[in-house]
Structures are given as structure tokens and as C-alpha cells.
Amino acid sequence: MAETFGALLHKVVSGSPLTEEEAQLAFSCIMAGETDPVQLGAFLSALKVRGETTAELTGAVKAVRSYMTVLPYAPEGAIDVCGTGGDGLGTLNVSTAVAFVLAGLGVPVAKHGNRAASSMSGATDVLEKLGIPPNPDAEFQARCLTEDHLAFLSAPHHHPALKHATSVRRTLGFRTLFNLLGPLCNPAQVHRQLIGVFDGQWCLPVARTLGQLGSACVWAVHGTTDLSGSDELTLAGPATIAAWEDGKLFSLTFDPQSAGFPSRPISAIRGDDPQTNAEALLAFLDGADGAYRETVLLNAAAALHVAGRGNVVKEGRIDPQAFRRNAAMAARSIDDGLARTALERARQSARFHKDAGRS
């Protein structure tokens, strides 16, 4: 494989794009741990400088998926809500809060996540503070997803082969194609995904790749703020959306204010360490008003569309009234205590599994 990777490296360095099959082969070499660190750094750098293609992204996703540890089963209609990270805004944990809201409404959520990279508190960090530590047992996760409508899938437990690129990525210090791969490689093999993307230029390639790999409904979203772009929908500005639905790829734009959401600066949902973010999430589940609640409702409304629980796209545009109805559905999950119950069930399952392991 080393000789094969070397040949593909030379092609990339020359400025030529890889075919999907070549990209899959190259990333399979990486996943197998059979690449020299210097060559790997050169390969990722050359891709970055030239600009990665959709075919290269698709091939890389196929390679990473072939090495991941999958759940043995998952309910039909399961969804993932996650972001690529990397926007540098350091906000509260929005997609994790959305997961509890959706689970409270009976939507099965296979929440893929990791520890913080560019923020102070990733999904795994805040969940630990909430009493839901990462769990490597795929059978247990599948049961949680089926019975509790919620499973938290910690990336290191499902993508152990990614460790072969960790030190090189850390040394390079800039975003590479690997920053996109995690959200596109959900271990529950879901066919519905709301994915926040750190750079708007990747929305279409991400949605197209997932669609070509069999997804039923995908929204790849990039929000704007008063500071910079965001890998979530925000109250601070309009969003760009690439959608894959019914076998078709199309683009949408959406201004949250058109659906009655208030305008707020991104600083209104500034996060901090995991303990602080966990306390904010608990307060949100207990009914606290404010920008955090509105931001979660905004993203939950979009996720309900992706989950097939409330269509908001009419004649190629987002219908503000339909979007607001989804937001009201999400609000009921909070106000009726359903989202908080989803948290308590997840905590109870985690404790039960831990105690069973001791017996």
C-alpha cells in the first residue's frame, strides 16, 4: 500500500484531482496506518492548496466508513444532528440540546460527536457533565436508540482508525478534508442528517456526497453571524442551505426573522467550559427563555423537516409559517417536559449499563 499511496501523492502534488476510486484507495491506506507521516502531511497539504473535490470527499467517506464500528441495528428514520466544528465561535452546545428535543418527540437521534477541538466544550465534554459518559458498547447504543430514541456515539469509539492521522493533523494545524469526514460517517448509518458546515462552500459538496451514498434527506447548513460564519443556524443572520431531498440537490436561503425569530448577536449564546455549558443546557431543558432557547428551536425546526416530521419546503422555498409550526412543536417538547425526560432516560440507561458492568 505504501507504494500505491506514494503514486497517488505524486498525482496530487502535480495538481491533478483524484478520482473517487483513487481517493478511496488513498484514504484506505491512511486508515490502515500504512502511510509515512511526512507523506501524509504532504498529501493533505497538497489537497488543501489545490482545493478538494466532491469526488475526493466521496472516496474518503467510503474509506472511513469501511473502517468504522457500526451499530448492529438502528430504527428506520433515525437522524443525526451535528456540526463539523471549526467555526471558532465557542458557542453553547446547540446540536446536543436539539437531540434531547427531538428524542422527546419520539424522533430517534443517533448523535455523533466528539470532544472539543476549536471550542471549549464539545458534545462529549458536556454530556459527561450531564452524567452520560461515552460508551463503546455498540449493542448498548443500538438499544438506547431504539428504546430511548437517543444514542450518543463518541467518534473515537467508532472510528479508531482515524488515530493514524491524528498527530499529522495536529502538527499541520489547519483544516483538512478530515474535518468534514466525521459528520459524514455516522456509525448508525442514518439516512437523514442535519449537518452544520464551517465553510459555506462545502454545503453543496457535503449534501451531494451524502445523497449519492444513499441518504434520503440531508440539509447541510452554514449560518452567518456578526463575527463570522457558523456551523449552525443562528439568530445573528441568514443561512445558506444545500438540501438533498427526493433524489434531488438544490439550494435554499433562510432568514430566521422571516419566521418570527428575534435577531441576536452570536455573543448571546457564548459558551464556556463543559460545566458551564451543561448548566446552561439543564436550564434550557427546564424552560429558561432567551437566545439559547430560540437558537435551539431554530435548529430543531429544521431538524424536524429533515426527520420527515414537518415539511417546510414549498415550491423550492422555505415556508416561514410551516417553519414556525415546527418550532412550536419543538417548544412543546421542552415545555411539556419531554426533552428533560429524554435526558433523564439517557442518564438512567448510562447508570444501568455502568452498574451492570460491575456485577
# chains A, B, ... in the order shown; residues from 1 in each chain; ligands from 1
$ residues_around --residues "range 309-312 of chain A" --least-positions-apart "2" --cutoff "9 Å" --atoms "only C-alpha atoms" --output "NGL selection string"
:A and (107 or 301-307 or 314 or 317-326)
$ residues_around --residues "Ala291 in chain A" --least-positions-apart "4" --cutoff "10 Å" --atoms "only C-alpha atoms" --output "MDAnalysis selection string"
chainID A and resid 234:235 261:269 295:297
$ residues_around --residues "Pro136 in chain A" --least-positions-apart "6" --cutoff "8 Å" --atoms "only C-alpha atoms" --output "list in words"
Ser154, His157 and His158 of chain A
$ write_last_selection --atoms "C-alpha atoms" --output "PDB file, in the first residue's frame"
ATOM      1  CA  SER A 154     -18.470   9.122  20.571  1.00  0.00           C
ATOM      2  CA  HIS A 157     -15.018   4.621  19.847  1.00  0.00           C
ATOM      3  CA  HIS A 158     -16.398   4.190  16.346  1.00  0.00           C
TER       4      HIS A 158
END
$ residues_around --residues "Arg340 in chain A" --least-positions-apart "4" --cutoff "12 Å" --atoms "only C-alpha atoms" --output "NGL selection string"
:A and (97-105 or 130 or 281-287 or 332-336 or 344-347)
$ select_by_dssp --residues "range 31-171 of chain A" --states "strand (DSSP E or B)" --output "PyMOL selection string"
chain A and resi 79-83+91+109-113+150-154
$ atom_distance --atom1 "CA of Gly83 in chain A" --atom2 "CA of Glu232 in chain A"
6.9 Å
$ residues_around --residues "range 54-57 of chain A" --least-positions-apart "5" --cutoff "12 Å" --atoms "only C-alpha atoms" --output "VMD selection string"
chain A and resid 8 12 16 to 27 44 47 to 48 62 to 64 176 to 182 184 to 185 201 to 213
$ residues_around --residues "Trp219 in chain A" --least-positions-apart "6" --cutoff "6 Å" --atoms "only C-alpha atoms" --output "PyMOL selection string"
chain A and resi 194+242-243
$ write_last_selection --atoms "N, CA and C atoms" --output "compact mmCIF listing (two decimals), in the first residue's frame"
# COMPACT_ATOMS: atom_id res chain seq x y z
N LEU A 194 -28.99 16.55 9.57
CA LEU A 194 -28.83 18.00 9.58
C LEU A 194 -27.39 18.26 9.98
N ALA A 242 -27.79 23.71 1.61
CA ALA A 242 -27.80 22.79 0.48
C ALA A 242 -28.64 21.60 0.91
N ALA A 243 -29.67 21.30 0.15
CA ALA A 243 -30.61 20.24 0.52
C ALA A 243 -30.58 19.11 -0.50
$ atom_distance --atom1 "CA of Gly200 in chain A" --atom2 "CA of Arg115 in chain A"
23.1 Å
$ select_by_dssp --residues "range 136-324 of chain A" --states "alpha helix (DSSP H)" --output "PyMOL selection string"
chain A and resi 138-147+155-158+163-172+178-181+203-212+274-285+291-306+320-324
$ write_last_selection --atoms "C-alpha atoms" --output "PDB file, in the first residue's frame"
ATOM      1  CA  ALA A 138     -22.422  -0.643  20.088  1.00  0.00           C
ATOM      2  CA  GLU A 139     -25.132  -3.112  21.157  1.00  0.00           C
ATOM      3  CA  PHE A 140     -25.994  -0.915  24.143  1.00  0.00           C
ATOM      4  CA  GLN A 141     -26.103   2.169  21.922  1.00  0.00           C
ATOM      5  CA  ALA A 142     -28.434   0.425  19.475  1.00  0.00           C
ATOM      6  CA  ARG A 143     -30.821  -0.448  22.318  1.00  0.00           C
ATOM      7  CA  CYS A 144     -30.763   3.146  23.575  1.00  0.00           C
ATOM      8  CA  LEU A 145     -31.522   4.430  20.100  1.00  0.00           C
ATOM      9  CA  THR A 146     -34.440   2.033  19.733  1.00  0.00           C
ATOM     10  CA  GLU A 147     -35.896   2.240  23.245  1.00  0.00           C
ATOM     11  CA  ALA A 155     -16.293   9.364  17.457  1.00  0.00           C
ATOM     12  CA  PRO A 156     -13.106   7.783  18.911  1.00  0.00           C
ATOM     13  CA  HIS A 157     -15.018   4.621  19.847  1.00  0.00           C
ATOM     14  CA  HIS A 158     -16.398   4.190  16.346  1.00  0.00           C
ATOM     15  CA  LYS A 163      -5.876   7.774  15.132  1.00  0.00           C
ATOM     16  CA  HIS A 164      -3.357   7.148  12.346  1.00  0.00           C
ATOM     17  CA  ALA A 165      -3.845  10.720  11.118  1.00  0.00           C
ATOM     18  CA  THR A 166      -4.173  12.464  14.481  1.00  0.00           C
ATOM     19  CA  SER A 167      -0.572  13.546  15.067  1.00  0.00           C
ATOM     20  CA  VAL A 168      -0.108  14.759  11.496  1.00  0.00           C
ATOM     21  CA  ARG A 169      -3.326  16.750  11.591  1.00  0.00           C
ATOM     22  CA  ARG A 170      -2.307  18.299  14.904  1.00  0.00           C
ATOM     23  CA  THR A 171       1.119  19.212  13.518  1.00  0.00           C
ATOM     24  CA  LEU A 172      -0.343  20.779  10.372  1.00  0.00           C
ATOM     25  CA  PHE A 178     -10.639  15.138   7.739  1.00  0.00           C
ATOM     26  CA  ASN A 179     -12.597  17.984   9.341  1.00  0.00           C
ATOM     27  CA  LEU A 180     -15.553  17.085   7.133  1.00  0.00           C
ATOM     28  CA  LEU A 181     -15.382  13.307   7.346  1.00  0.00           C
ATOM     29  CA  CYS A 203     -22.577  22.812   1.790  1.00  0.00           C
ATOM     30  CA  LEU A 204     -23.306  21.585  -1.744  1.00  0.00           C
ATOM     31  CA  PRO A 205     -20.477  19.001  -1.857  1.00  0.00           C
ATOM     32  CA  VAL A 206     -21.490  17.604   1.542  1.00  0.00           C
ATOM     33  CA  ALA A 207     -25.169  17.281   0.606  1.00  0.00           C
ATOM     34  CA  ARG A 208     -24.319  15.839  -2.804  1.00  0.00           C
ATOM     35  CA  THR A 209     -21.921  13.270  -1.334  1.00  0.00           C
ATOM     36  CA  LEU A 210     -24.422  12.033   1.238  1.00  0.00           C
ATOM     37  CA  GLY A 211     -27.161  11.919  -1.362  1.00  0.00           C
ATOM     38  CA  GLN A 212     -25.050   9.879  -3.746  1.00  0.00           C
ATOM     39  CA  PRO A 274     -18.159  21.968  29.941  1.00  0.00           C
ATOM     40  CA  GLN A 275     -19.618  22.566  33.402  1.00  0.00           C
ATOM     41  CA  THR A 276     -20.952  25.995  32.429  1.00  0.00           C
ATOM     42  CA  ASN A 277     -22.396  24.677  29.183  1.00  0.00           C
ATOM     43  CA  ALA A 278     -24.010  21.734  30.967  1.00  0.00           C
ATOM     44  CA  GLU A 279     -25.671  24.071  33.451  1.00  0.00           C
ATOM     45  CA  ALA A 280     -26.980  26.205  30.579  1.00  0.00           C
ATOM     46  CA  LEU A 281     -28.358  23.106  28.857  1.00  0.00           C
ATOM     47  CA  LEU A 282     -30.132  21.997  32.043  1.00  0.00           C
ATOM     48  CA  ALA A 283     -31.631  25.457  32.483  1.00  0.00           C
ATOM     49  CA  PHE A 284     -32.796  25.343  28.870  1.00  0.00           C
ATOM     50  CA  LEU A 285     -34.478  21.964  29.386  1.00  0.00           C
ATOM     51  CA  ALA A 291     -31.276  33.367  22.910  1.00  0.00           C
ATOM     52  CA  TYR A 292     -30.150  29.800  23.658  1.00  0.00           C
ATOM     53  CA  ARG A 293     -33.730  28.523  23.637  1.00  0.00           C
ATOM     54  CA  GLU A 294     -34.547  30.385  20.432  1.00  0.00           C
ATOM     55  CA  THR A 295     -31.395  29.092  18.721  1.00  0.00           C
ATOM     56  CA  VAL A 296     -32.200  25.508  19.674  1.00  0.00           C
ATOM     57  CA  LEU A 297     -35.797  25.907  18.464  1.00  0.00           C
ATOM     58  CA  LEU A 298     -34.479  27.318  15.177  1.00  0.00           C
ATOM     59  CA  ASN A 299     -32.261  24.299  14.588  1.00  0.00           C
ATOM     60  CA  ALA A 300     -34.823  21.819  15.915  1.00  0.00           C
ATOM     61  CA  ALA A 301     -37.415  23.141  13.462  1.00  0.00           C
ATOM     62  CA  ALA A 302     -35.019  22.439  10.599  1.00  0.00           C
ATOM     63  CA  ALA A 303     -34.218  19.007  12.025  1.00  0.00           C
ATOM     64  CA  LEU A 304     -37.911  18.095  12.205  1.00  0.00           C
ATOM     65  CA  HIS A 305     -38.172  18.779   8.489  1.00  0.00           C
ATOM     66  CA  VAL A 306     -35.157  16.572   7.788  1.00  0.00           C
ATOM     67  CA  PRO A 320     -41.945  30.711   7.195  1.00  0.00           C
ATOM     68  CA  GLN A 321     -45.301  29.651   8.640  1.00  0.00           C
ATOM     69  CA  ALA A 322     -44.517  25.946   8.258  1.00  0.00           C
ATOM     70  CA  PHE A 323     -41.111  26.547   9.818  1.00  0.00           C
ATOM     71  CA  ARG A 324     -42.718  28.304  12.751  1.00  0.00           C
TER      72      ARG A 324
END
$ atom_distance --atom1 "CA of Ile241 in chain A" --atom2 "CA of Leu89 in chain A"
19.5 Å
$ closest_residue --among "A:Cys82, A:Ala239, A:Val94, A:Gln348" --to "Gly271 in chain A" --atoms "only C-alpha atoms"
A:Val94
$ closest_residue --among "A:Leu127, A:Met329, A:Ala74, A:Leu227" --to "Asn93 in chain A" --atoms "only C-alpha atoms"
A:Leu127
$ residues_around --residues "range 31-36 of chain A" --least-positions-apart "2" --cutoff "6 Å" --atoms "only C-alpha atoms" --output "NGL selection string"
:A and (28-29 or 38-39 or 161 or 164)
$ write_last_selection --atoms "N, CA, C and O atoms" --output "PDB file, in the first residue's frame"
ATOM      1  N   SER A  28      -7.914   4.737   2.400  1.00  0.00           N
ATOM      2  CA  SER A  28      -7.833   3.391   2.973  1.00  0.00           C
ATOM      3  C   SER A  28      -6.413   3.118   3.451  1.00  0.00           C
ATOM      4  O   SER A  28      -6.211   2.485   4.504  1.00  0.00           O
ATOM      5  N   CYS A  29      -5.435   3.586   2.703  1.00  0.00           N
ATOM      6  CA  CYS A  29      -4.037   3.464   3.142  1.00  0.00           C
ATOM      7  C   CYS A  29      -3.827   4.190   4.467  1.00  0.00           C
ATOM      8  O   CYS A  29      -3.152   3.690   5.375  1.00  0.00           O
ATOM      9  N   VAL A  38       5.375  12.030   6.928  1.00  0.00           N
ATOM     10  CA  VAL A  38       5.785  13.121   6.038  1.00  0.00           C
ATOM     11  C   VAL A  38       4.957  13.096   4.760  1.00  0.00           C
ATOM     12  O   VAL A  38       4.479  14.128   4.270  1.00  0.00           O
ATOM     13  N   GLN A  39       4.762  11.893   4.212  1.00  0.00           N
ATOM     14  CA  GLN A  39       3.952  11.769   3.010  1.00  0.00           C
ATOM     15  C   GLN A  39       2.502  12.158   3.272  1.00  0.00           C
ATOM     16  O   GLN A  39       1.866  12.823   2.453  1.00  0.00           O
ATOM     17  N   ALA A 161      -9.558   3.936  13.579  1.00  0.00           N
ATOM     18  CA  ALA A 161      -8.527   4.047  12.544  1.00  0.00           C
ATOM     19  C   ALA A 161      -8.120   5.493  12.269  1.00  0.00           C
ATOM     20  O   ALA A 161      -7.041   5.741  11.719  1.00  0.00           O
ATOM     21  N   HIS A 164      -4.565   7.160  13.168  1.00  0.00           N
ATOM     22  CA  HIS A 164      -3.357   7.148  12.346  1.00  0.00           C
ATOM     23  C   HIS A 164      -3.062   8.512  11.710  1.00  0.00           C
ATOM     24  O   HIS A 164      -1.945   8.734  11.252  1.00  0.00           O
TER      25      HIS A 164
END
$ closest_residue --among "A:Glu3, A:Asp272, A:Asp80, A:Glu315" --to "Ala220 in chain A" --atoms "only C-alpha atoms"
A:Asp80
$ decode --residues "range 50-180 of chain A" --atoms "C-alpha atoms" --output "compact mmCIF listing (two decimals), in the first residue's frame"
# COMPACT_ATOMS: atom_id res chain seq x y z
CA ARG A 50 -5.37 22.82 -4.73
CA GLY A 51 -8.84 22.52 -3.23
CA GLU A 52 -10.53 19.20 -2.55
CA THR A 53 -13.18 17.92 -4.97
CA THR A 54 -16.52 16.26 -4.36
CA ALA A 55 -15.16 13.01 -5.83
CA GLU A 56 -12.27 13.10 -3.35
CA LEU A 57 -14.64 13.77 -0.47
CA THR A 58 -16.89 10.88 -1.54
CA GLY A 59 -13.97 8.48 -1.86
CA ALA A 60 -12.63 9.50 1.54
CA VAL A 61 -16.04 8.98 3.16
CA LYS A 62 -16.28 5.49 1.66
CA ALA A 63 -12.86 4.62 3.06
CA VAL A 64 -13.57 5.91 6.57
CA ARG A 65 -16.97 4.19 6.65
CA SER A 66 -15.37 0.89 5.72
CA TYR A 67 -13.21 1.07 8.87
CA MET A 68 -15.81 2.34 11.36
CA THR A 69 -17.52 0.31 14.08
CA VAL A 70 -21.22 0.36 13.23
CA LEU A 71 -24.29 -0.17 15.37
CA PRO A 72 -25.74 -3.66 14.82
CA TYR A 73 -29.18 -2.18 14.12
CA ALA A 74 -30.96 1.17 14.10
CA PRO A 75 -34.61 2.18 13.81
CA GLU A 76 -35.98 3.38 10.50
CA GLY A 77 -35.97 7.16 10.24
CA ALA A 78 -33.07 7.77 12.65
CA ILE A 79 -31.44 11.17 12.25
CA ASP A 80 -28.14 12.79 13.17
CA VAL A 81 -27.75 16.47 14.06
CA CYS A 82 -24.18 17.64 14.28
CA GLY A 83 -21.70 20.19 13.03
CA THR A 84 -18.24 19.96 11.58
CA GLY A 85 -16.92 22.30 14.25
CA GLY A 86 -14.13 24.64 13.35
CA ASP A 87 -16.09 27.89 13.23
CA GLY A 88 -14.17 29.21 16.24
CA LEU A 89 -17.22 30.89 17.79
CA GLY A 90 -17.22 28.95 21.08
CA THR A 91 -20.99 28.81 21.47
CA LEU A 92 -23.15 26.78 23.82
CA ASN A 93 -23.90 23.19 22.74
CA VAL A 94 -26.77 23.65 20.30
CA SER A 95 -26.96 20.34 18.41
CA THR A 96 -26.74 18.36 21.67
CA ALA A 97 -29.71 20.30 23.02
CA VAL A 98 -31.57 19.71 19.75
CA ALA A 99 -31.01 15.96 20.19
CA PHE A 100 -32.92 15.97 23.51
CA VAL A 101 -35.75 17.99 21.98
CA LEU A 102 -36.14 15.59 19.07
CA ALA A 103 -35.90 12.48 21.26
CA GLY A 104 -38.65 13.93 23.46
CA LEU A 105 -40.87 13.97 20.37
CA GLY A 106 -40.07 10.34 19.57
CA VAL A 107 -37.59 11.04 16.78
CA PRO A 108 -34.69 8.55 17.02
CA VAL A 109 -31.45 10.56 17.19
CA ALA A 110 -28.04 8.94 16.66
CA LYS A 111 -25.98 11.91 17.85
CA HIS A 112 -22.44 11.64 16.56
CA GLY A 113 -19.94 13.81 18.42
CA ASN A 114 -16.54 14.31 19.94
CA ARG A 115 -14.62 16.31 22.47
CA ALA A 116 -13.88 19.97 21.87
CA ALA A 117 -11.36 20.88 19.21
CA SER A 118 -11.84 24.56 18.41
CA SER A 119 -14.48 25.26 21.08
CA MET A 120 -14.24 24.92 24.86
CA SER A 121 -16.90 22.23 25.16
CA GLY A 122 -17.69 19.53 22.63
CA ALA A 123 -20.70 17.21 22.78
CA THR A 124 -18.80 14.51 24.67
CA ASP A 125 -17.48 17.03 27.21
CA VAL A 126 -20.88 18.44 28.11
CA LEU A 127 -22.58 15.02 28.13
CA GLU A 128 -20.06 13.75 30.68
CA LYS A 129 -21.01 16.63 32.95
CA LEU A 130 -24.66 15.65 32.48
CA GLY A 131 -23.96 12.09 33.62
CA ILE A 132 -23.80 10.50 30.17
CA PRO A 133 -20.20 9.36 29.58
CA PRO A 134 -19.06 7.98 26.22
CA ASN A 135 -19.76 4.29 25.84
CA PRO A 136 -18.01 1.94 23.38
CA ASP A 137 -20.70 -0.77 23.50
CA ALA A 138 -22.42 -0.64 20.09
CA GLU A 139 -25.13 -3.11 21.16
CA PHE A 140 -25.99 -0.92 24.14
CA GLN A 141 -26.10 2.17 21.92
CA ALA A 142 -28.43 0.42 19.48
CA ARG A 143 -30.82 -0.45 22.32
CA CYS A 144 -30.76 3.15 23.57
CA LEU A 145 -31.52 4.43 20.10
CA THR A 146 -34.44 2.03 19.73
CA GLU A 147 -35.90 2.24 23.24
CA ASP A 148 -34.99 5.77 24.37
CA HIS A 149 -34.90 7.37 20.90
CA LEU A 150 -31.43 8.66 21.69
CA ALA A 151 -27.88 7.40 21.43
CA PHE A 152 -24.68 9.38 21.77
CA LEU A 153 -21.94 7.99 19.54
CA SER A 154 -18.47 9.12 20.57
CA ALA A 155 -16.29 9.36 17.46
CA PRO A 156 -13.11 7.78 18.91
CA HIS A 157 -15.02 4.62 19.85
CA HIS A 158 -16.40 4.19 16.35
CA HIS A 159 -13.50 5.48 14.27
CA PRO A 160 -10.37 4.03 15.88
CA ALA A 161 -8.53 4.05 12.54
CA LEU A 162 -8.60 7.85 12.47
CA LYS A 163 -5.88 7.77 15.13
CA HIS A 164 -3.36 7.15 12.35
CA ALA A 165 -3.85 10.72 11.12
CA THR A 166 -4.17 12.46 14.48
CA SER A 167 -0.57 13.55 15.07
CA VAL A 168 -0.11 14.76 11.50
CA ARG A 169 -3.33 16.75 11.59
CA ARG A 170 -2.31 18.30 14.90
CA THR A 171 1.12 19.21 13.52
CA LEU A 172 -0.34 20.78 10.37
CA GLY A 173 -2.60 23.00 12.45
CA PHE A 174 -5.09 23.84 9.67
CA ARG A 175 -8.35 22.35 8.48
CA THR A 176 -8.08 19.41 6.10
CA LEU A 177 -10.57 17.07 4.46
CA PHE A 178 -10.64 15.14 7.74
CA ASN A 179 -12.60 17.98 9.34
CA LEU A 180 -15.55 17.09 7.13
